[in-house]
Each structure stands twice: as structure tokens, then as C-alpha cells.
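**Student:** The structure under discussion is supplied below as C-alpha cells; questions concerning it will follow.
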Amino acid sequence: MADKLKVTLVKSTIGAIPKHRRTVKALGLKKLNKSVELPNNAATLGMVRQVRHLVKVEEI
């Protein structure tokens with residue numbers, strides 16, 4: 001299991017519910033097609049799972 005995740009915002013949050021918008025912001029994603037590297041832990045995986053329809057995830 002990788003120790004980091006590369007999370008990329010691939011779909012806009014304009015039509016998303018407010019809770020999902022806040023989750024994307026908390027992940028550090030601001031613009032489309034921008035990526036962030038996050039630790040692979042339970043908290044991050046739970047946030048990514050909540051907005052899995054908006055992001056793409058790769059293990060590093």
C-alpha cells in the first residue's frame with residue numbers, strides 16, 4: 001500500500017451539494033485539473049470516498 005495519494009479534481013463543484021464543496025476545499029483542491037499529494041490514511045480516504053465522483057485518485 002502506498003504512503004501517499006495524488007488526488008486530482010476532474011469535475012467542477014458548481015452543481016455539487018455544499019458538504020461536498022467543503023470536502024473538496026478541505027482536501028486542498030481549488031481549480032479543475034489541479035492535483036495535491038496527501039497522506040494515505042483513514043481520514044483522507046474517507047474524504048476522497050465522499051467526493052469520488054469529482055476526483056481522480058492515484059497511489060504514489
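Ordering of the C-alpha cells sets the chain letters (A, B, ...); residue numbers start at 1 within each chain; ligands are numbered from 1 in the order shown.
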Compile the contact shell of A:Arg21 as a PyMOL selection string: residues with an atom at most 10 Å away, counting only C-alpha atoms, same-chain residues fewer than 5 positions apart removed.

**Tutor:** chain A and resi 12-16+26+29-30+51+54

**Student:** Mind dumping the selected residues with N, CA and C atoms as an mmCIF file, in the first residue's frame?

**Tutor:**
```
data_model
loop_
_atom_site.group_PDB
_atom_site.id
_atom_site.type_symbol
_atom_site.label_atom_id
_atom_site.label_comp_id
_atom_site.auth_asym_id
_atom_site.auth_seq_id
_atom_site.Cartn_x
_atom_site.Cartn_y
_atom_site.Cartn_z
ATOM 1 N N SER A 12 -16.203 19.877 -11.893
ATOM 2 C CA SER A 12 -16.478 21.111 -11.173
ATOM 3 C C SER A 12 -17.401 20.872 -9.984
ATOM 4 N N THR A 13 -17.248 21.720 -8.969
ATOM 5 C CA THR A 13 -18.095 21.626 -7.781
ATOM 6 C C THR A 13 -19.289 22.578 -7.861
ATOM 7 N N ILE A 14 -19.506 23.203 -9.002
ATOM 8 C CA ILE A 14 -20.597 24.177 -9.135
ATOM 9 C C ILE A 14 -21.952 23.561 -8.808
ATOM 10 N N GLY A 15 -22.229 22.374 -9.305
ATOM 11 C CA GLY A 15 -23.524 21.754 -9.062
ATOM 12 C C GLY A 15 -23.547 20.830 -7.858
ATOM 13 N N ALA A 16 -22.423 20.726 -7.158
ATOM 14 C CA ALA A 16 -22.324 19.794 -6.037
ATOM 15 C C ALA A 16 -23.025 20.345 -4.799
ATOM 16 N N ALA A 26 -11.384 21.234 1.671
ATOM 17 C CA ALA A 26 -10.579 20.716 2.764
ATOM 18 C C ALA A 26 -9.447 19.812 2.258
ATOM 19 N N LEU A 29 -8.057 21.240 -2.865
ATOM 20 C CA LEU A 29 -8.280 21.386 -4.303
ATOM 21 C C LEU A 29 -9.077 22.653 -4.575
ATOM 22 N N LYS A 30 -8.584 23.465 -5.522
ATOM 23 C CA LYS A 30 -9.237 24.736 -5.806
ATOM 24 C C LYS A 30 -9.684 24.863 -7.253
ATOM 25 N N VAL A 51 -16.297 12.250 -2.133
ATOM 26 C CA VAL A 51 -16.347 13.046 -3.367
ATOM 27 C C VAL A 51 -15.716 12.283 -4.532
ATOM 28 N N LEU A 54 -16.081 13.362 -8.129
ATOM 29 C CA LEU A 54 -15.487 14.632 -8.547
ATOM 30 C C LEU A 54 -13.972 14.560 -8.720
#
```

**Student:** Neighbouring residues of A:Lys6 were defined as those with any atom within 7 Å, considering only C-alpha atoms; residues of the same chain fewer than 2 positions away were excluded. Please report them as a ChimeraX atom specification.

**Tutor:** /A:4,8,35-38,57-60

**Student:** Kindly indicate which residue among A:Leu27, A:Pro39, A:Arg22, A:Asn33 lies nearest to A:Val10, using only C-alpha atoms for the distances.

**Tutor:**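 Counting only C-alpha atoms, the residue closest to A:Val10 is A:Asn33.
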
**Student:** Measure the distance from atom CA of A:Val7 to atom CA of A:Val55 in Å and round it to one decimal.

**Tutor:** 6.5 Å

**Student:** What's the 10 Å shell around A:Met47, counting only C-alpha atoms, without same-chain residues fewer than 5 positions away, as a tab-separated table (two decimals) with N, CA and C atoms, in the first residue's frame?

**Tutor:**
```tsv
chain	number	residue	atom	x	y	z
A	20	HIS	N	-20.12	18.53	-0.09
A	20	HIS	CA	-19.09	18.04	-0.99
A	20	HIS	C	-18.14	19.18	-1.40
A	23	THR	N	-15.73	19.56	1.40
A	23	THR	CA	-14.79	18.45	1.44
A	23	THR	C	-13.68	18.64	0.41
A	24	VAL	N	-14.05	19.06	-0.79
A	24	VAL	CA	-13.06	19.31	-1.85
A	24	VAL	C	-12.11	20.42	-1.41
A	26	ALA	N	-11.38	21.23	1.67
A	26	ALA	CA	-10.58	20.72	2.76
A	26	ALA	C	-9.45	19.81	2.26
A	27	LEU	N	-9.65	19.18	1.12
A	27	LEU	CA	-8.60	18.37	0.52
A	27	LEU	C	-7.51	19.23	-0.10
A	42	ALA	N	-6.79	6.92	7.02
A	42	ALA	CA	-8.24	6.72	7.07
A	42	ALA	C	-9.02	8.01	6.85
A	52	ARG	N	-15.82	10.96	-4.52
A	52	ARG	CA	-15.18	10.14	-5.55
A	52	ARG	C	-15.69	10.42	-6.95
```

**Student:** Enumerate the residues of chain A with a DSSP assignment of alpha helix (DSSP H), computed from the backbone, and present them as a PyMOL selection string.

**Tutor:** chain A and resi 18-26+42-50

**Student:** For atom CA of A:Lys19 and atom CA of A:Asn40, quote the distance in Å rounded to one decimal.

**Tutor:**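 Separation of atom CA of A:Lys19 and atom CA of A:Asn40: 21.7 Å.
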
**Student:** Within chain A, find each residue whose DSSP state, derived from the backbone, is strand (DSSP E), and express the selection as a ChimeraX atom specification.

**Tutor:** /A:4-9,35-39,55-59

**Student:** Next, dump the selected residues to file, keeping only N, CA and C atoms, as an mmCIF file, in the first residue's frame.

**Tutor:**
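Output file result.cif follows:
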```cif
data_model
loop_
_atom_site.group_PDB
_atom_site.id
_atom_site.type_symbol
_atom_site.label_atom_id
_atom_site.label_comp_id
_atom_site.auth_asym_id
_atom_site.auth_seq_id
_atom_site.Cartn_x
_atom_site.Cartn_y
_atom_site.Cartn_z
ATOM 1 N N LYS A 4 1.342 7.672 -0.033
ATOM 2 C CA LYS A 4 0.772 8.946 -0.466
ATOM 3 C C LYS A 4 -0.246 8.718 -1.574
ATOM 4 N N LEU A 5 -1.177 9.666 -1.684
ATOM 5 C CA LEU A 5 -2.178 9.649 -2.742
ATOM 6 C C LEU A 5 -2.068 10.938 -3.542
ATOM 7 N N LYS A 6 -2.223 10.827 -4.846
ATOM 8 C CA LYS A 6 -2.303 12.013 -5.700
ATOM 9 C C LYS A 6 -3.775 12.173 -6.066
ATOM 10 N N VAL A 7 -4.379 13.256 -5.602
ATOM 11 C CA VAL A 7 -5.802 13.497 -5.810
ATOM 12 C C VAL A 7 -5.953 14.669 -6.778
ATOM 13 N N THR A 8 -6.713 14.467 -7.866
ATOM 14 C CA THR A 8 -6.911 15.482 -8.895
ATOM 15 C C THR A 8 -8.386 15.798 -9.032
ATOM 16 N N LEU A 9 -8.723 17.069 -9.052
ATOM 17 C CA LEU A 9 -10.118 17.496 -9.248
ATOM 18 C C LEU A 9 -10.426 17.441 -10.738
ATOM 19 N N SER A 35 -3.755 19.058 -8.878
ATOM 20 C CA SER A 35 -3.529 17.890 -8.032
ATOM 21 C C SER A 35 -2.865 18.279 -6.722
ATOM 22 N N VAL A 36 -3.097 17.453 -5.720
ATOM 23 C CA VAL A 36 -2.416 17.578 -4.439
ATOM 24 C C VAL A 36 -1.976 16.188 -4.003
ATOM 25 N N GLU A 37 -0.858 16.141 -3.258
ATOM 26 C CA GLU A 37 -0.391 14.891 -2.674
ATOM 27 C C GLU A 37 -0.799 14.875 -1.209
ATOM 28 N N LEU A 38 -1.484 13.827 -0.816
ATOM 29 C CA LEU A 38 -1.994 13.709 0.542
ATOM 30 C C LEU A 38 -1.543 12.397 1.148
ATOM 31 N N PRO A 39 -1.445 12.324 2.470
ATOM 32 C CA PRO A 39 -1.075 11.053 3.106
ATOM 33 C C PRO A 39 -2.193 10.017 2.939
ATOM 34 N N VAL A 55 -13.350 13.523 -8.191
ATOM 35 C CA VAL A 55 -11.888 13.462 -8.184
ATOM 36 C C VAL A 55 -11.372 12.168 -8.810
ATOM 37 N N LYS A 56 -10.076 12.206 -9.152
ATOM 38 C CA LYS A 56 -9.361 11.019 -9.622
ATOM 39 C C LYS A 56 -8.230 10.781 -8.630
ATOM 40 N N VAL A 57 -8.025 9.531 -8.231
ATOM 41 C CA VAL A 57 -7.044 9.204 -7.213
ATOM 42 C C VAL A 57 -6.016 8.231 -7.774
ATOM 43 N N GLU A 58 -4.723 8.532 -7.500
ATOM 44 C CA GLU A 58 -3.635 7.646 -7.894
ATOM 45 C C GLU A 58 -2.752 7.426 -6.676
ATOM 46 N N GLU A 59 -2.229 6.206 -6.545
ATOM 47 C CA GLU A 59 -1.284 5.928 -5.479
ATOM 48 C C GLU A 59 0.126 6.280 -5.958
#
```
